[in-house]
Each structure stands twice: as structure tokens, then as C-alpha cells.
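Printed here is run-v3.cif (mmCIF, C-alpha atoms and all ligand atoms):
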data_coords
loop_
_atom_site.group_PDB
_atom_site.id
_atom_site.type_symbol
_atom_site.label_atom_id
_atom_site.label_comp_id
_atom_site.auth_asym_id
_atom_site.auth_seq_id
_atom_site.Cartn_x
_atom_site.Cartn_y
_atom_site.Cartn_z
ATOM 1 C CA MET A 8 0.000 0.000 0.000
ATOM 2 C CA PRO A 9 1.301 3.500 -0.784
ATOM 3 C CA GLU A 10 2.326 5.535 2.250
ATOM 4 C CA LEU A 11 2.403 9.219 3.081
ATOM 5 C CA HIS A 12 4.227 10.563 6.108
ATOM 6 C CA LEU A 13 2.947 13.920 7.344
ATOM 7 C CA PRO A 14 4.901 15.453 10.245
ATOM 8 C CA ALA A 15 3.135 17.154 13.148
ATOM 9 C CA PRO A 16 3.666 20.817 12.092
ATOM 10 C CA LEU A 17 2.203 20.155 8.642
ATOM 11 C CA LEU A 18 -0.682 18.160 10.074
ATOM 12 C CA SER A 19 -1.580 21.043 12.345
ATOM 13 C CA ALA A 20 -1.198 23.583 9.498
ATOM 14 C CA LEU A 21 -3.548 21.473 7.366
ATOM 15 C CA TRP A 22 -6.253 21.369 10.070
ATOM 16 C CA THR A 23 -5.826 25.096 10.753
ATOM 17 C CA HIS A 24 -6.335 25.829 7.051
ATOM 18 C CA ALA A 25 -9.401 23.565 6.944
ATOM 19 C CA ARG A 26 -10.957 25.251 9.993
ATOM 20 C CA GLN A 27 -10.248 28.778 8.716
ATOM 21 C CA ALA A 28 -11.738 28.030 5.281
ATOM 22 C CA SER A 29 -14.918 26.446 6.701
ATOM 23 C CA PRO A 30 -17.728 26.462 5.648
ATOM 24 C CA HIS A 31 -15.810 26.483 2.346
ATOM 25 C CA GLU A 32 -13.612 23.560 1.399
ATOM 26 C CA CYS A 33 -9.915 24.350 1.666
ATOM 27 C CA VAL A 34 -7.320 23.111 -0.829
ATOM 28 C CA GLY A 35 -3.562 22.887 -0.781
ATOM 29 C CA ALA A 36 -0.483 21.040 -1.971
ATOM 30 C CA LEU A 37 2.222 19.103 -0.155
ATOM 31 C CA GLY A 38 5.858 19.105 -1.225
ATOM 32 C CA GLY A 39 8.393 16.519 -0.176
ATOM 33 C CA GLY A 40 10.132 13.438 -1.484
ATOM 34 C CA TRP A 41 9.262 10.010 -2.840
ATOM 35 C CA GLN A 42 11.071 6.771 -2.024
ATOM 36 C CA GLY A 43 9.329 4.143 -4.098
ATOM 37 C CA GLU A 44 5.710 4.064 -2.901
ATOM 38 C CA ARG A 45 6.536 6.006 0.271
ATOM 39 C CA ALA A 46 6.171 9.785 0.323
ATOM 40 C CA HIS A 47 7.455 12.151 3.002
ATOM 41 C CA ALA A 48 5.899 15.621 3.129
ATOM 42 C CA CYS A 49 8.082 18.500 4.268
ATOM 43 C CA ALA A 50 6.186 21.595 3.097
ATOM 44 C CA LEU A 51 2.569 22.692 2.897
ATOM 45 C CA TYR A 52 1.276 25.175 0.327
ATOM 46 C CA PRO A 53 -2.221 26.502 1.065
ATOM 47 C CA LEU A 54 -4.080 27.422 -2.130
ATOM 48 C CA THR A 55 -7.254 29.408 -2.810
ATOM 49 C CA ASN A 56 -10.407 27.480 -3.604
ATOM 50 C CA ILE A 57 -11.937 29.158 -6.672
ATOM 51 C CA ALA A 58 -14.725 26.597 -7.243
ATOM 52 C CA ALA A 59 -18.128 28.029 -8.169
ATOM 53 C CA ASP A 60 -19.704 26.242 -5.189
ATOM 54 C CA PRO A 61 -16.842 26.201 -2.649
ATOM 55 C CA GLU A 62 -18.965 24.700 0.132
ATOM 56 C CA ARG A 63 -19.345 21.532 -1.909
ATOM 57 C CA GLU A 64 -16.328 21.278 -4.177
ATOM 58 C CA TYR A 65 -12.845 22.595 -4.652
ATOM 59 C CA LEU A 66 -10.752 23.932 -7.503
ATOM 60 C CA ALA A 67 -7.250 25.182 -6.725
ATOM 61 C CA ASP A 68 -6.361 28.574 -8.174
ATOM 62 C CA PRO A 69 -4.237 27.433 -11.157
ATOM 63 C CA GLY A 70 -1.731 30.304 -10.871
ATOM 64 C CA GLU A 71 -1.151 29.562 -7.189
ATOM 65 C CA LEU A 72 -0.765 25.855 -7.894
ATOM 66 C CA LEU A 73 1.799 26.626 -10.581
ATOM 67 C CA ARG A 74 3.720 28.884 -8.169
ATOM 68 C CA ALA A 75 3.645 26.160 -5.509
ATOM 69 C CA LEU A 76 4.987 23.589 -7.992
ATOM 70 C CA ARG A 77 7.766 26.015 -8.987
ATOM 71 C CA ALA A 78 8.648 26.643 -5.336
ATOM 72 C CA MET A 79 8.851 22.872 -4.837
ATOM 73 C CA ARG A 80 11.187 22.524 -7.791
ATOM 74 C CA ARG A 81 13.416 25.301 -6.432
ATOM 75 C CA GLY A 82 13.471 23.521 -3.074
ATOM 76 C CA ALA A 83 14.268 20.155 -4.705
ATOM 77 C CA GLN A 84 10.858 18.907 -3.599
ATOM 78 C CA GLN A 85 8.323 16.876 -5.498
ATOM 79 C CA LEU A 86 4.559 17.015 -5.292
ATOM 80 C CA VAL A 87 3.664 14.324 -2.738
ATOM 81 C CA GLY A 88 0.014 15.137 -2.092
ATOM 82 C CA LEU A 89 -2.987 17.378 -2.605
ATOM 83 C CA TYR A 90 -5.359 18.015 0.261
ATOM 84 C CA HIS A 91 -8.834 19.445 0.603
ATOM 85 C CA SER A 92 -11.486 19.514 3.275
ATOM 86 C CA HIS A 93 -15.073 18.360 3.567
ATOM 87 C CA PRO A 94 -16.524 20.708 6.202
ATOM 88 C CA GLU A 95 -19.520 18.421 6.713
ATOM 89 C CA GLY A 96 -17.694 15.161 5.938
ATOM 90 C CA PRO A 97 -17.283 12.429 4.851
ATOM 91 C CA ALA A 98 -13.573 11.534 4.648
ATOM 92 C CA TRP A 99 -13.897 9.850 1.287
ATOM 93 C CA PRO A 100 -13.844 11.300 -2.236
ATOM 94 C CA SER A 101 -16.948 12.778 -3.816
ATOM 95 C CA ARG A 102 -17.842 11.921 -7.384
ATOM 96 C CA SER A 103 -16.337 15.208 -8.630
ATOM 97 C CA ASP A 104 -13.171 14.630 -6.541
ATOM 98 C CA THR A 105 -12.668 11.376 -8.431
ATOM 99 C CA ARG A 106 -13.644 12.808 -11.795
ATOM 100 C CA LEU A 107 -11.344 15.842 -11.536
ATOM 101 C CA ALA A 108 -8.296 14.130 -10.038
ATOM 102 C CA ALA A 109 -5.358 14.698 -12.372
ATOM 103 C CA TYR A 110 -2.160 13.943 -10.428
ATOM 104 C CA PRO A 111 -0.651 10.546 -9.530
ATOM 105 C CA VAL A 112 -0.245 11.554 -5.872
ATOM 106 C CA PRO A 113 -2.234 10.889 -2.684
ATOM 107 C CA TYR A 114 -5.381 13.007 -2.364
ATOM 108 C CA LEU A 115 -5.956 13.822 1.310
ATOM 109 C CA ILE A 116 -9.456 14.565 2.533
ATOM 110 C CA ALA A 117 -9.984 16.229 5.907
ATOM 111 C CA ASP A 118 -13.435 15.551 7.331
ATOM 112 C CA LEU A 119 -13.952 18.476 9.709
ATOM 113 C CA ARG A 120 -17.096 17.026 11.254
ATOM 114 C CA ALA A 121 -15.468 13.736 12.290
ATOM 115 C CA GLN A 122 -11.931 15.230 12.579
ATOM 116 C CA THR A 123 -10.688 12.453 10.312
ATOM 117 C CA LEU A 124 -7.984 12.634 7.654
ATOM 118 C CA ARG A 125 -7.790 9.975 4.939
ATOM 119 C CA ALA A 126 -5.920 9.682 1.647
ATOM 120 C CA TYR A 127 -6.508 7.919 -1.662
ATOM 121 C CA LEU A 128 -4.995 7.545 -5.076
ATOM 122 C CA LEU A 129 -7.558 8.757 -7.617
ATOM 123 C CA PRO A 130 -9.388 7.918 -9.765
ATOM 124 C CA GLU A 131 -8.731 4.332 -8.632
ATOM 125 C CA GLY A 132 -9.707 5.039 -5.019
ATOM 126 C CA THR A 133 -6.764 3.051 -3.643
ATOM 127 C CA PRO A 134 -6.364 3.871 0.065
ATOM 128 C CA VAL A 135 -3.049 5.451 1.064
ATOM 129 C CA GLN A 136 -1.643 4.621 4.487
ATOM 130 C CA LEU A 137 -1.097 7.857 6.407
ATOM 131 C CA TYR A 138 1.569 8.233 9.080
ATOM 132 C CA LEU A 139 0.592 11.359 10.949
ATOM 133 C CA GLY A 140 2.243 13.565 13.492
ATOM 134 C CA GLY A 141 5.793 12.298 13.362
ATOM 135 C CA PRO A 142 8.785 14.611 13.711
ATOM 136 C CA ALA A 143 9.673 16.935 10.861
ATOM 137 C CA HIS A 144 12.935 16.590 9.037
ATOM 138 C CA PRO A 145 14.700 19.526 10.690
ATOM 139 C CA THR A 146 16.246 21.026 7.566
ATOM 140 C CA ALA A 147 13.394 20.215 5.214
ATOM 141 C CA LEU A 148 10.505 21.895 6.988
ATOM 142 C CA GLN A 149 9.390 24.910 4.977
ATOM 143 C CA ALA A 150 5.740 25.353 5.837
ATOM 144 C CA LYS A 151 4.377 28.266 3.865
ATOM 145 C CA GLU A 152 1.630 30.593 4.995
HETATM 146 ZN ZN ZN B 1 -14.014 16.551 -1.980
#
Take the structure in this file and express it as C-alpha cells.
Amino acid sequence: MPELHLPAPLLSALWTHARQASPHECVGALGGGWQGERAHACALYPLTNIAADPEREYLADPGELLRALRAMRRGAQQLVGLYHSHPEGPAWPSRSDTRLAAYPVPYLIADLRAQTLRAYLLPEGTPVQLYLGGPAHPTALQAKE
């Protein structure tokens, strides 16, 4: 099973973003490194949700996403995940989440109602094992506001 390791500071930044965006869905990208099927996140890039109905779906601002991907490249990071929130749950992908998924990386879904974070590869729906709250790599942590 694919794995994603998300250290404690990034986990807390993700939940903070999700709470601040509520009742809208939040969206953001995770930079880090891949070792085979195992990904380690070391940076979080909050993005603006520009979806027409942001309480029910998300669409990352494409210019911001491009800037985040460039910042990752400059920092020798790869895209290791994309996250968004479901303010009213559930922690699994909606039909549009699956339909619009375009990257071969874990898609994290934060269910604010149940305080649950899950991840999947889409469109297949393969569950990704999350390892949450571990220590950050001291030199790699570059959480962005
Ligand atoms: Zn969704």
C-alpha cells in the first residue's frame, strides 16, 4: 500500500487551514520526497479554492498551484500530495473529486465534522496509508503561509 508521512507541524497547518476556510472547502499542496511508494511531506502550500460552489467542491487557483509547484522545484521537492477539506464530511472522495483528479499523488481529505484525515490515489480510489504527526525533518521543513 502507498504511504504518506505527514509530520506534526504540517498536520496542524492542514487542520488550521481547513478550519479557517470552513464552511468552504480548503485546498492545498504538499511538497516533499518520494522513495518508491513512500512519500514524506516536508512543506505545505495553502491554495485558494476558486470553485463556483466552494462549500461543496474545490478547484485550486491554477496560478497559485503553478507557483507552488515552482517553489517545490526550487526547493528540490516533489509534489507528494494534494489536500482538501469536507466541512460536513465524509472523509472519502466525492464523485467530482474522483472525476477531476489529475495527479498521480495521494489526495488527502480532511473531514472536519469527524476530525478524520484519509488519503486515496484517484481515480482508482486506492487507500493510502497515512503516518501522521511524526517529527519533521529539521532542515526540510518549509511550511508556507
Ligand atoms: Zn471533496
Notebook entry, point to check: Which is closer to ligand ZN 1 (chain B) than all the others in A:Ala117, A:Leu11, A:Leu17, A:Cys49, using all atoms listed in the file?
Noted result: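 Result for the nearest residue to ligand ZN 1 (chain B): A:Ala117.
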Next item on the list: Let me know the residues the PyMOL selection byres (((chain A and resi 113) around 8) and not hetatm) catches in the file above, as number ranges by chain.
Entry: A: 11, 87-89, 111-112, 114-115, 126-129, 135
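The closest residue to Leu21 of chain A, picked from A:Pro61, A:Gly140, A:Gly96, A:Pro130 and counting only C-alpha atoms, is A:Gly140.
Every protein or nucleic acid residue with an atom no more than 12 Å from Ser103 of chain A, counting only C-alpha atoms and leaving out same-chain residues fewer than 6 positions away, appears here: Ala58, Arg63, Glu64, Tyr65, Leu66, Ala109, Leu129 and Pro130 of chain A.
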Kindly resolve the PyMOL selection byres (((chain A and resi 36) around 8) and not hetatm) on the present coordinates and return the residues as a tab-separated table (two decimals) with C-alpha atoms, in the coordinates of the input.
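Dumped everything to part-v3.tsv:
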chain	number	residue	atom	x	y	z
A	34	VAL	CA	-7.32	23.11	-0.83
A	35	GLY	CA	-3.56	22.89	-0.78
A	37	LEU	CA	2.22	19.10	-0.16
A	38	GLY	CA	5.86	19.10	-1.23
A	51	LEU	CA	2.57	22.69	2.90
A	52	TYR	CA	1.28	25.18	0.33
A	53	PRO	CA	-2.22	26.50	1.06
A	54	LEU	CA	-4.08	27.42	-2.13
A	72	LEU	CA	-0.76	25.86	-7.89
A	75	ALA	CA	3.64	26.16	-5.51
A	86	LEU	CA	4.56	17.02	-5.29
A	87	VAL	CA	3.66	14.32	-2.74
A	88	GLY	CA	0.01	15.14	-2.09
A	89	LEU	CA	-2.99	17.38	-2.60
A	90	TYR	CA	-5.36	18.02	0.26
Checklist line | Test item: the PyMOL selection byres (((not hetatm)) within 6 of (chain B and resi 1)) resolved as a list in words | finding: Glu64, His93, Pro100, Ser101 and Asp104 of chain A
Residue subset to file, keeping C-alpha atoms, as a JSON list (two decimals), in the frame of the given file:
[["chain", "number", "residue", "atom", "x", "y", "z"],
["A", 64, "GLU", "CA", -16.33, 21.28, -4.18],
["A", 93, "HIS", "CA", -15.07, 18.36, 3.57],
["A", 100, "PRO", "CA", -13.84, 11.30, -2.24],
["A", 101, "SER", "CA", -16.95, 12.78, -3.82],
["A", 104, "ASP", "CA", -13.17, 14.63, -6.54]]
Next item on the list: Can you work out which one of A:Ala20, A:Ala67, A:Ala121, A:Leu13 has the shortest atom-to-atom distance to Gly40 of chain A, counting only C-alpha atoms?
Entry: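 Checking each of A:Ala20, A:Ala67, A:Ala121, A:Leu13 against Gly40 of chain A, counting only C-alpha atoms, the winner is A:Leu13.
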Margin query: Report, in Å to a single decimal, how far apart atom CA of Arg74 of chain A and atom CA of Tyr138 of chain A are.
Written below: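 Atom-to-atom, atom CA of Tyr138 of chain A to atom CA of Arg74 of chain A, that is 27.0 Å.
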Next item on the list: Kindly give the distance, in Å, that separates atom CA of His91 of chain A and atom CA of Ile116 of chain A, rounded to a single decimal.
Entry: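 The value is 5.3 Å.
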Note to self: My list of candidates is A:Pro142, A:Asn56, A:Gln27, A:Ala50. Which is closest to Leu76 of chain A when distances are computed with all atoms listed in the file?
What the structure shows: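 Selected residue with least distance to Leu76 of chain A: A:Ala50.
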As lines of an AutoDock Vina configuration file, what would the box around segment 9-27 of chain A look like: edges along x, y and z, 4 Å added on every side, centre and edge lengths in Å to one decimal?
center_x = -3.0
center_y = 16.1
center_z = 6.2
size_x = 23.9
size_y = 33.3
size_z = 21.9
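For the atom pair formed by atom CA of Ser92 of chain A and atom CA of Thr55 of chain A, the distance is 12.4 Å, given to one decimal.
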Output as an mmCIF file, in the coordinates of the input: segment 19-54 of chain A, completed with N, CA and C atoms.
data_model
loop_
_atom_site.group_PDB
_atom_site.id
_atom_site.type_symbol
_atom_site.label_atom_id
_atom_site.label_comp_id
_atom_site.auth_asym_id
_atom_site.auth_seq_id
_atom_site.Cartn_x
_atom_site.Cartn_y
_atom_site.Cartn_z
ATOM 1 N N SER A 19 -0.844 19.989 11.658
ATOM 2 C CA SER A 19 -1.580 21.043 12.345
ATOM 3 C C SER A 19 -1.857 22.213 11.408
ATOM 4 N N ALA A 20 -0.948 22.514 10.479
ATOM 5 C CA ALA A 20 -1.198 23.583 9.498
ATOM 6 C C ALA A 20 -2.361 23.209 8.586
ATOM 7 N N LEU A 21 -2.456 21.930 8.235
ATOM 8 C CA LEU A 21 -3.548 21.473 7.366
ATOM 9 C C LEU A 21 -4.897 21.658 8.069
ATOM 10 N N TRP A 22 -4.974 21.237 9.351
ATOM 11 C CA TRP A 22 -6.253 21.369 10.070
ATOM 12 C C TRP A 22 -6.592 22.835 10.299
ATOM 13 N N THR A 23 -5.573 23.674 10.566
ATOM 14 C CA THR A 23 -5.826 25.096 10.753
ATOM 15 C C THR A 23 -6.413 25.692 9.475
ATOM 16 N N HIS A 24 -5.827 25.337 8.330
ATOM 17 C CA HIS A 24 -6.335 25.829 7.051
ATOM 18 C C HIS A 24 -7.779 25.371 6.842
ATOM 19 N N ALA A 25 -8.048 24.109 7.139
ATOM 20 C CA ALA A 25 -9.401 23.565 6.944
ATOM 21 C C ALA A 25 -10.411 24.294 7.833
ATOM 22 N N ARG A 26 -10.030 24.560 9.079
ATOM 23 C CA ARG A 26 -10.957 25.251 9.993
ATOM 24 C C ARG A 26 -11.186 26.695 9.555
ATOM 25 N N GLN A 27 -10.111 27.374 9.116
ATOM 26 C CA GLN A 27 -10.248 28.778 8.716
ATOM 27 C C GLN A 27 -11.096 28.913 7.456
ATOM 28 N N ALA A 28 -10.991 27.947 6.547
ATOM 29 C CA ALA A 28 -11.738 28.030 5.281
ATOM 30 C C ALA A 28 -13.216 27.685 5.473
ATOM 31 N N SER A 29 -13.546 26.903 6.485
ATOM 32 C CA SER A 29 -14.918 26.446 6.701
ATOM 33 C C SER A 29 -15.861 27.654 6.832
ATOM 34 N N PRO A 30 -17.058 27.635 6.221
ATOM 35 C CA PRO A 30 -17.728 26.462 5.648
ATOM 36 C C PRO A 30 -17.304 26.123 4.214
ATOM 37 N N HIS A 31 -16.337 26.866 3.655
ATOM 38 C CA HIS A 31 -15.810 26.483 2.346
ATOM 39 C C HIS A 31 -14.827 25.335 2.501
ATOM 40 N N GLU A 32 -14.666 24.570 1.426
ATOM 41 C CA GLU A 32 -13.612 23.560 1.399
ATOM 42 C C GLU A 32 -12.276 24.274 1.203
ATOM 43 N N CYS A 33 -11.258 23.829 1.900
ATOM 44 C CA CYS A 33 -9.915 24.350 1.666
ATOM 45 C C CYS A 33 -9.213 23.452 0.649
ATOM 46 N N VAL A 34 -8.123 23.929 0.088
ATOM 47 C CA VAL A 34 -7.320 23.111 -0.829
ATOM 48 C C VAL A 34 -5.868 23.545 -0.706
ATOM 49 N N GLY A 35 -4.978 22.575 -0.848
ATOM 50 C CA GLY A 35 -3.562 22.887 -0.781
ATOM 51 C C GLY A 35 -2.722 21.740 -1.303
ATOM 52 N N ALA A 36 -1.424 22.021 -1.425
ATOM 53 C CA ALA A 36 -0.483 21.040 -1.971
ATOM 54 C C ALA A 36 0.594 20.727 -0.937
ATOM 55 N N LEU A 37 1.143 19.529 -1.044
ATOM 56 C CA LEU A 37 2.222 19.103 -0.155
ATOM 57 C C LEU A 37 3.456 18.805 -0.987
ATOM 58 N N GLY A 38 4.580 19.389 -0.578
ATOM 59 C CA GLY A 38 5.858 19.105 -1.225
ATOM 60 C C GLY A 38 6.678 18.188 -0.332
ATOM 61 N N GLY A 39 7.559 17.434 -0.956
ATOM 62 C CA GLY A 39 8.393 16.519 -0.176
ATOM 63 C C GLY A 39 9.178 15.615 -1.096
ATOM 64 N N GLY A 40 9.347 14.373 -0.686
ATOM 65 C CA GLY A 40 10.132 13.438 -1.484
ATOM 66 C C GLY A 40 9.479 12.066 -1.544
ATOM 67 N N TRP A 41 9.749 11.385 -2.645
ATOM 68 C CA TRP A 41 9.262 10.010 -2.840
ATOM 69 C C TRP A 41 10.415 9.043 -2.696
ATOM 70 N N GLN A 42 10.154 7.914 -1.996
ATOM 71 C CA GLN A 42 11.071 6.771 -2.024
ATOM 72 C C GLN A 42 10.222 5.578 -2.395
ATOM 73 N N GLY A 43 10.226 5.208 -3.656
ATOM 74 C CA GLY A 43 9.329 4.143 -4.098
ATOM 75 C C GLY A 43 7.888 4.565 -3.900
ATOM 76 N N GLU A 44 7.128 3.756 -3.146
ATOM 77 C CA GLU A 44 5.710 4.064 -2.901
ATOM 78 C C GLU A 44 5.526 4.887 -1.636
ATOM 79 N N ARG A 45 6.627 5.272 -0.993
ATOM 80 C CA ARG A 45 6.536 6.006 0.271
ATOM 81 C C ARG A 45 6.869 7.474 0.047
ATOM 82 N N ALA A 46 5.957 8.349 0.474
ATOM 83 C CA ALA A 46 6.171 9.785 0.323
ATOM 84 C C ALA A 46 6.312 10.423 1.696
ATOM 85 N N HIS A 47 7.258 11.367 1.780
ATOM 86 C CA HIS A 47 7.455 12.151 3.002
ATOM 87 C C HIS A 47 7.178 13.612 2.671
ATOM 88 N N ALA A 48 6.190 14.202 3.346
ATOM 89 C CA ALA A 48 5.899 15.621 3.129
ATOM 90 C C ALA A 48 6.793 16.461 4.019
ATOM 91 N N CYS A 49 7.270 17.592 3.462
ATOM 92 C CA CYS A 49 8.082 18.500 4.268
ATOM 93 C C CYS A 49 7.652 19.949 4.105
ATOM 94 N N ALA A 50 6.655 20.219 3.272
ATOM 95 C CA ALA A 50 6.186 21.595 3.097
ATOM 96 C C ALA A 50 4.724 21.578 2.699
ATOM 97 N N LEU A 51 4.001 22.588 3.190
ATOM 98 C CA LEU A 51 2.569 22.692 2.897
ATOM 99 C C LEU A 51 2.303 24.031 2.213
ATOM 100 N N TYR A 52 1.579 23.983 1.118
ATOM 101 C CA TYR A 52 1.276 25.175 0.327
ATOM 102 C C TYR A 52 -0.243 25.373 0.270
ATOM 103 N N PRO A 53 -0.784 26.239 1.135
ATOM 104 C CA PRO A 53 -2.221 26.502 1.065
ATOM 105 C C PRO A 53 -2.554 27.219 -0.241
ATOM 106 N N LEU A 54 -3.645 26.822 -0.871
ATOM 107 C CA LEU A 54 -4.080 27.422 -2.130
ATOM 108 C C LEU A 54 -5.496 27.968 -1.944
#
